[in-house]
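*Asks:* Starting off with a structure, shown below.
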Amino acid sequence: MPGTRDDLTRLRAALTAFFALDGFVFAGWVVRIPAIKEQTGASASALGLALLGVSAGAVVTMTLTGRLVRRYGSHPVTVACAVLLCLSIALPPLTHSALALGAVLLVFGSAYGGINVAFNSAAVDLVAVLGRPIMPSFHAAFSLGGMVGAGLGGLVAGSLSPTRHLLALTVTGLLVTLVAGRALLRCEPAVPPDRAPEENSGRGGAPRRLDRRTRRLVVTFGLIALCTAYGEGAMADWGALHLEQDLDASPGLAAAGYSCFALAMTVGRLTGTTLLERLGRTATVVAGGTTAVAGMLLGSLAPSVGVALFGFAITGLGLANIFPVAVERAGALGGPSGVATASTLGYGGMLLGPPAIGFMADWFSLPAALTSVAALAAVAVLVAVATRRAAVAG
């Protein structure tokens with residue numbers, strides 16, 4: 001394992017760069033979806049099916065990456081997935097049909113899912129070695145990268161074609177990967193003191209076999225991640241429509257809804273380490289989930305745009321640290337496989353949110369449907385409280 005504090009600092013910096021790169025590249029793709037839709041001539045339904053390629057690739061790869069990390073180590077897998085992610089982001093503008101778009105997005109989603117499991121596994125081990133709950137800081141880097149990627153994408157959308165924009169992302173991403181990847185590969189993996197050496201060799205050592213109780217705990221943390229990621233997906237796809245459709249906000253003001261949510265989540269994650277050191281994991285999850293419940297009820301049922309925006313910001317603060325805590329605990333218990341399980345369930349929740357909100361909006365109303373975000377945040381709180389003793393023991 002890294003022998004000095006400087007080694008650990010370099011490892012942390014390299015991992016932070018990859019978290020930020022992941023958010024930057026993904027956000028750059030998202031802001032060009034409307035232009036890609038027009039280019040391919042896809043209908044809304046055909047585009048929806050094509051976008052499932054990202055989801056399918058990510059979920060399938062997440063379940064496999066844990067094995068790759070155990071065999072080859074988290075650092076090489078992180079770098080390899082980063083290269084694939086940066087190369088694949090240039091492919092969507094080269095397609096001219098929904099079918100072709102779906103195929104290249106399957107590759108992009110595979111790289112996205114793989115890098116998330118790989119660098120989260122490395123981060124979990126570093127957290128254990130440092131003995132400090134720094135996991136939220138990595139996810140804050142992802143959020144910051146996403147905000148920068150979305151902001152720059154919006155600025156250049158009028159002057160650069162999707163082909164040139166996403167090719168620029170490829171070049172930028174590969175340069176970052178070259179620098180951060182060399183640093184990461186030179187760092188020895190962080191080895192938690194309670195982990196057997198063969199589990200950390202990255203040379204095919206046999207992983208520890210988890211007992212039934214530990215597996216249940218890993219799945220439980222994955223369910224907590226699912227409940228909170230559901231809210232992120234719902235806010236990204238439905239927050240602006242709620243403000244514009246139900247509260248008569250202008251398109252520009254409606255777009256600020258998700259910005260308020262994302263900015264508050266970033267701030268929450270930047271202060272997450274301090275919060276975790278003062279309150280502990282369970283108290284942080286309970287406090288965050290309770291805050292998210294109040295914020296989302298306010299945001300979805302508010303009578304005015306200003307109050308709704310305030311509610312969205314409170315929701316972002318509340319949800320900020322729950323997902324990082326859930327992934328960290330699942331990884332501490334189950335290693336790379338635990339990270340893969342929690343990430344897969346969490347990503348599934350992010351995918352479940354938008355269509356579930358849509359169905360409930362048809363059955364009831366969009367404000368009523370958005371209250372399901374508060375309901376699942378409450379479920380995360382209840383699960384955290386119910387499993388507190390078991391989680392501490394595990």
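The way I read the labels, and the way they are meant: chains A, B, ... in the order of the structure tokens, residue 1 as the first residue of every chain, and ligand 1 as the first ligand shown, with later ones counted on from there.
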With a distance cut-off of 10 Å and only C-alpha atoms, select the neighbouring residues of Thr170 of chain A, excluding the residue or stretch itself and same-chain residues fewer than 5 positions from it, and output the selection as a PyMOL selection string.

*Replies:* chain A and resi 25+83-91+164-165+175-176

*Asks:* Excluding Val385 of chain A and residues on its chain fewer than 5 positions from it, collect all residues at most 9 Å away from it, counting only C-alpha atoms, and give them as an MDAnalysis selection string.

*Replies:* chainID A and resid 282:283 285:286 380

*Asks:* Using DSSP on the backbone coordinates, identify all residues within segment 138-352 of chain A classified as alpha helix (DSSP H); present the result as a PyMOL selection string.

*Replies:* chain A and resi 138-156+162-186+197-200+212-247+251-270+272-279+281-301+305-319+322-352

*Asks:* What does the distance between atom CA of Leu105 of chain A and atom CA of Ala157 of chain A come to in Å, to one decimal place?

*Replies:*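 Pair atom CA of Leu105 of chain A / atom CA of Ala157 of chain A returns 20.4 Å.
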
*Asks:* Need the shell around Ala20 of chain A: protein/DNA/RNA residues with any atom at most 9 Å away, counting only C-alpha atoms. Skip same-chain ones fewer than 2 positions apart. Format as an MDAnalysis selection string?

*Replies:* chainID A and resid 15:18 22:25 138:146

*Asks:* Any chance you can output those residues with N, CA, C and O atoms as a PDB file, in the first residue's frame?

*Replies:*
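Writing done, so here's out_20.pdb:
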ATOM      1  N   LEU A  15      -7.637  10.064  -8.336  1.00  0.00           N
ATOM      2  CA  LEU A  15      -9.017   9.563  -8.345  1.00  0.00           C
ATOM      3  C   LEU A  15     -10.012  10.700  -8.493  1.00  0.00           C
ATOM      4  O   LEU A  15     -11.019  10.573  -9.214  1.00  0.00           O
ATOM      5  N   THR A  16      -9.755  11.824  -7.831  1.00  0.00           N
ATOM      6  CA  THR A  16     -10.646  12.977  -7.944  1.00  0.00           C
ATOM      7  C   THR A  16     -10.732  13.448  -9.394  1.00  0.00           C
ATOM      8  O   THR A  16     -11.811  13.805  -9.884  1.00  0.00           O
ATOM      9  N   ALA A  17      -9.600  13.431 -10.095  1.00  0.00           N
ATOM     10  CA  ALA A  17      -9.595  13.842 -11.501  1.00  0.00           C
ATOM     11  C   ALA A  17     -10.477  12.931 -12.343  1.00  0.00           C
ATOM     12  O   ALA A  17     -11.194  13.404 -13.238  1.00  0.00           O
ATOM     13  N   PHE A  18     -10.462  11.638 -12.076  1.00  0.00           N
ATOM     14  CA  PHE A  18     -11.287  10.717 -12.856  1.00  0.00           C
ATOM     15  C   PHE A  18     -12.774  10.880 -12.534  1.00  0.00           C
ATOM     16  O   PHE A  18     -13.625  10.769 -13.430  1.00  0.00           O
ATOM     17  N   ASP A  22     -15.461  11.968 -15.441  1.00  0.00           N
ATOM     18  CA  ASP A  22     -16.673  11.195 -15.696  1.00  0.00           C
ATOM     19  C   ASP A  22     -17.895  12.113 -15.763  1.00  0.00           C
ATOM     20  O   ASP A  22     -18.704  12.030 -16.702  1.00  0.00           O
ATOM     21  N   GLY A  23     -18.032  12.994 -14.784  1.00  0.00           N
ATOM     22  CA  GLY A  23     -19.165  13.918 -14.794  1.00  0.00           C
ATOM     23  C   GLY A  23     -19.113  14.882 -15.958  1.00  0.00           C
ATOM     24  O   GLY A  23     -20.138  15.194 -16.582  1.00  0.00           O
ATOM     25  N   PHE A  24     -17.910  15.350 -16.307  1.00  0.00           N
ATOM     26  CA  PHE A  24     -17.726  16.309 -17.399  1.00  0.00           C
ATOM     27  C   PHE A  24     -18.138  15.707 -18.737  1.00  0.00           C
ATOM     28  O   PHE A  24     -18.883  16.318 -19.515  1.00  0.00           O
ATOM     29  N   VAL A  25     -17.673  14.498 -19.019  1.00  0.00           N
ATOM     30  CA  VAL A  25     -17.973  13.855 -20.300  1.00  0.00           C
ATOM     31  C   VAL A  25     -19.458  13.511 -20.393  1.00  0.00           C
ATOM     32  O   VAL A  25     -20.099  13.751 -21.427  1.00  0.00           O
ATOM     33  N   PHE A 138     -15.232  12.878  -3.429  1.00  0.00           N
ATOM     34  CA  PHE A 138     -15.091  12.326  -4.780  1.00  0.00           C
ATOM     35  C   PHE A 138     -16.360  12.565  -5.591  1.00  0.00           C
ATOM     36  O   PHE A 138     -16.299  12.928  -6.768  1.00  0.00           O
ATOM     37  N   HIS A 139     -17.500  12.342  -4.972  1.00  0.00           N
ATOM     38  CA  HIS A 139     -18.763  12.547  -5.685  1.00  0.00           C
ATOM     39  C   HIS A 139     -19.037  14.027  -5.914  1.00  0.00           C
ATOM     40  O   HIS A 139     -19.733  14.391  -6.868  1.00  0.00           O
ATOM     41  N   ALA A 140     -18.479  14.882  -5.067  1.00  0.00           N
ATOM     42  CA  ALA A 140     -18.559  16.320  -5.332  1.00  0.00           C
ATOM     43  C   ALA A 140     -17.783  16.667  -6.603  1.00  0.00           C
ATOM     44  O   ALA A 140     -18.211  17.525  -7.392  1.00  0.00           O
ATOM     45  N   ALA A 141     -16.643  16.005  -6.815  1.00  0.00           N
ATOM     46  CA  ALA A 141     -15.871  16.233  -8.041  1.00  0.00           C
ATOM     47  C   ALA A 141     -16.683  15.816  -9.263  1.00  0.00           C
ATOM     48  O   ALA A 141     -16.662  16.496 -10.299  1.00  0.00           O
ATOM     49  N   PHE A 142     -17.400  14.701  -9.148  1.00  0.00           N
ATOM     50  CA  PHE A 142     -18.280  14.279 -10.250  1.00  0.00           C
ATOM     51  C   PHE A 142     -19.335  15.353 -10.530  1.00  0.00           C
ATOM     52  O   PHE A 142     -19.587  15.714 -11.681  1.00  0.00           O
ATOM     53  N   SER A 143     -19.952  15.867  -9.480  1.00  0.00           N
ATOM     54  CA  SER A 143     -20.987  16.898  -9.645  1.00  0.00           C
ATOM     55  C   SER A 143     -20.412  18.166 -10.257  1.00  0.00           C
ATOM     56  O   SER A 143     -21.018  18.778 -11.145  1.00  0.00           O
ATOM     57  N   LEU A 144     -19.223  18.575  -9.784  1.00  0.00           N
ATOM     58  CA  LEU A 144     -18.585  19.772 -10.338  1.00  0.00           C
ATOM     59  C   LEU A 144     -18.231  19.575 -11.810  1.00  0.00           C
ATOM     60  O   LEU A 144     -18.421  20.478 -12.639  1.00  0.00           O
ATOM     61  N   GLY A 145     -17.704  18.390 -12.135  1.00  0.00           N
ATOM     62  CA  GLY A 145     -17.402  18.096 -13.528  1.00  0.00           C
ATOM     63  C   GLY A 145     -18.644  18.151 -14.395  1.00  0.00           C
ATOM     64  O   GLY A 145     -18.610  18.668 -15.517  1.00  0.00           O
ATOM     65  N   GLY A 146     -19.759  17.632 -13.858  1.00  0.00           N
ATOM     66  CA  GLY A 146     -21.008  17.682 -14.601  1.00  0.00           C
ATOM     67  C   GLY A 146     -21.500  19.094 -14.821  1.00  0.00           C
ATOM     68  O   GLY A 146     -21.987  19.448 -15.906  1.00  0.00           O
TER      69      GLY A 146
END

*Asks:* Near segment 233-245 of chain A, within 7 Å and counting only C-alpha atoms, which residues show up once chain neighbours fewer than 4 positions away are dropped, as a ChimeraX atom specification?

*Replies:* /A:229,249-251,254-255,257-258,305,350-351,353-354,357,366

*Asks:* Atoms to include: C-alpha atoms. Write the selected residues as an mmCIF file, in the first residue's frame.

*Replies:*
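Result file is selection_31.cif:
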data_model
loop_
_atom_site.group_PDB
_atom_site.id
_atom_site.type_symbol
_atom_site.label_atom_id
_atom_site.label_comp_id
_atom_site.auth_asym_id
_atom_site.auth_seq_id
_atom_site.Cartn_x
_atom_site.Cartn_y
_atom_site.Cartn_z
ATOM 1 C CA ALA A 229 -30.734 8.028 -7.031
ATOM 2 C CA ALA A 249 -42.408 29.572 -15.169
ATOM 3 C CA SER A 250 -40.592 30.805 -18.264
ATOM 4 C CA PRO A 251 -38.387 28.233 -20.037
ATOM 5 C CA ALA A 254 -37.728 26.454 -15.402
ATOM 6 C CA ALA A 255 -34.270 25.326 -16.486
ATOM 7 C CA GLY A 257 -34.785 24.240 -11.272
ATOM 8 C CA TYR A 258 -32.314 21.447 -11.905
ATOM 9 C CA VAL A 305 -41.856 29.208 -8.565
ATOM 10 C CA MET A 350 -31.890 6.660 -11.470
ATOM 11 C CA LEU A 351 -33.347 4.880 -14.511
ATOM 12 C CA GLY A 353 -37.321 7.514 -11.635
ATOM 13 C CA PRO A 354 -38.190 9.252 -14.934
ATOM 14 C CA ILE A 357 -42.848 9.726 -12.609
ATOM 15 C CA LEU A 366 -47.093 15.724 -12.023
#

*Asks:* Given only C-alpha atoms as the basis, pick out the residue of A:Val293, A:Val218, A:Ala128, A:Val156 nearest to Ala340 of chain A.

*Replies:*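 Ranking A:Val293, A:Val218, A:Ala128, A:Val156 by distance to Ala340 of chain A, first place goes to A:Val218.
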
*Asks:* Which residues are near segment 33-42 of chain A? Cut-off 12 Å, only C-alpha atoms, ignore same chain within fewer than 5 positions. Put them as an MDAnalysis selection string.

*Replies:* chainID A and resid 26:28 47:51 89:102 105 150 153:154 157:158 160:163 165:166

*Asks:* Using only C-alpha atoms, what does the table of segment 300-320 of chain A residues within 12 Å of segment 265-278 of chain A look like, with each row giving the shortest atom pair and its distance in Å to one decimal, sorted by chain and ascending number, as a tab-separated table?

*Replies:*
residue	atom	partner	partner_atom	distance
A:Phe312	CA	A:Met265	CA	9.9
A:Ala313	CA	A:Met265	CA	7.7
A:Ile314	CA	A:Met265	CA	8.7
A:Thr315	CA	A:Met265	CA	8.1
A:Gly316	CA	A:Met265	CA	4.4
A:Leu317	CA	A:Met265	CA	4.9
A:Gly318	CA	A:Gly268	CA	7.7
A:Leu319	CA	A:Met265	CA	7.0
A:Ala320	CA	A:Met265	CA	4.7

*Asks:* What does the structure give for the distance between atom CA of Ala56 of chain A and atom CA of Val339 of chain A, in Å to one decimal?

*Replies:*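 Distance between the two atoms: 17.9 Å.
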
*Asks:* Determine the nearest neighbour of Gly349 of chain A from the options A:Val77, A:Leu174, A:Val31, A:Ala225, counting only C-alpha atoms.

*Replies:*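 Ranked by minimum distance to Gly349 of chain A, first place goes to A:Ala225.
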
*Asks:* Fewer than 5 positions away in the same chain doesn't count, so skip those; otherwise give me all residues within 12 Å of Phe119 of chain A, counting only C-alpha atoms, as a PyMOL selection string.

*Replies:* chain A and resi 11-12+14-22+62+65-66+69+73-82+112-114+124-126+135+138-139+142+181+184+189+327-328+331+336+339-340+343

*Asks:* Put those residues in a file: C-alpha atoms, as a compact mmCIF listing (two decimals), in the first residue's frame.

*Replies:*
# COMPACT_ATOMS: atom_id res chain seq x y z
CA LEU A 11 -3.72 8.84 -5.13
CA ARG A 12 -6.62 10.94 -3.89
CA ALA A 14 -5.71 11.19 -9.32
CA LEU A 15 -9.02 9.56 -8.34
CA THR A 16 -10.65 12.98 -7.94
CA ALA A 17 -9.60 13.84 -11.50
CA PHE A 18 -11.29 10.72 -12.86
CA PHE A 19 -14.50 11.41 -10.93
CA ALA A 20 -14.56 14.95 -12.39
CA LEU A 21 -13.79 13.65 -15.89
CA ASP A 22 -16.67 11.19 -15.70
CA MET A 62 -21.34 -2.87 -13.57
CA THR A 65 -16.47 -4.91 -13.48
CA GLY A 66 -16.20 -6.13 -9.89
CA VAL A 69 -11.17 -5.17 -10.52
CA GLY A 73 -6.82 -4.09 -9.85
CA SER A 74 -8.97 -0.98 -9.71
CA HIS A 75 -6.36 1.40 -11.11
CA PRO A 76 -5.77 -0.26 -14.53
CA VAL A 77 -9.50 -0.87 -14.97
CA THR A 78 -10.24 2.79 -14.19
CA VAL A 79 -7.76 4.00 -16.82
CA ALA A 80 -8.94 1.51 -19.45
CA CYS A 81 -12.59 2.46 -18.94
CA ALA A 82 -11.70 6.16 -19.07
CA TYR A 112 -19.59 4.66 -18.00
CA GLY A 113 -20.71 1.75 -15.83
CA GLY A 114 -17.25 0.22 -15.72
CA VAL A 124 -13.56 2.88 -0.89
CA ASP A 125 -10.14 1.37 -0.15
CA LEU A 126 -8.57 4.82 0.19
CA MET A 135 -16.17 9.62 -0.07
CA PHE A 138 -15.09 12.33 -4.78
CA HIS A 139 -18.76 12.55 -5.69
CA PHE A 142 -18.28 14.28 -10.25
CA GLY A 181 -3.81 7.88 -15.59
CA LEU A 184 -2.86 6.66 -10.87
CA PRO A 189 -3.36 0.54 -4.48
CA VAL A 327 -21.61 2.90 -1.93
CA GLU A 328 -18.77 3.30 0.58
CA GLY A 331 -17.68 -1.54 -0.71
CA PRO A 336 -15.46 -4.49 -5.55
CA VAL A 339 -19.50 -1.53 -4.99
CA ALA A 340 -20.85 -3.17 -8.15
CA SER A 343 -23.86 0.97 -8.06

*Asks:* At what distance in Å, to one decimal, does atom CA of Ala375 of chain A lie from atom CA of Pro355 of chain A?

*Replies:*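 A separation of 16.3 Å between them.
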
*Asks:* Just checking: using only C-alpha atoms, which residue out of A:Val129, A:Cys227, A:Ala287, A:Leu169 ends up closest to Val191 of chain A?

*Replies:*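 The closest residue to Val191 of chain A is A:Val129.
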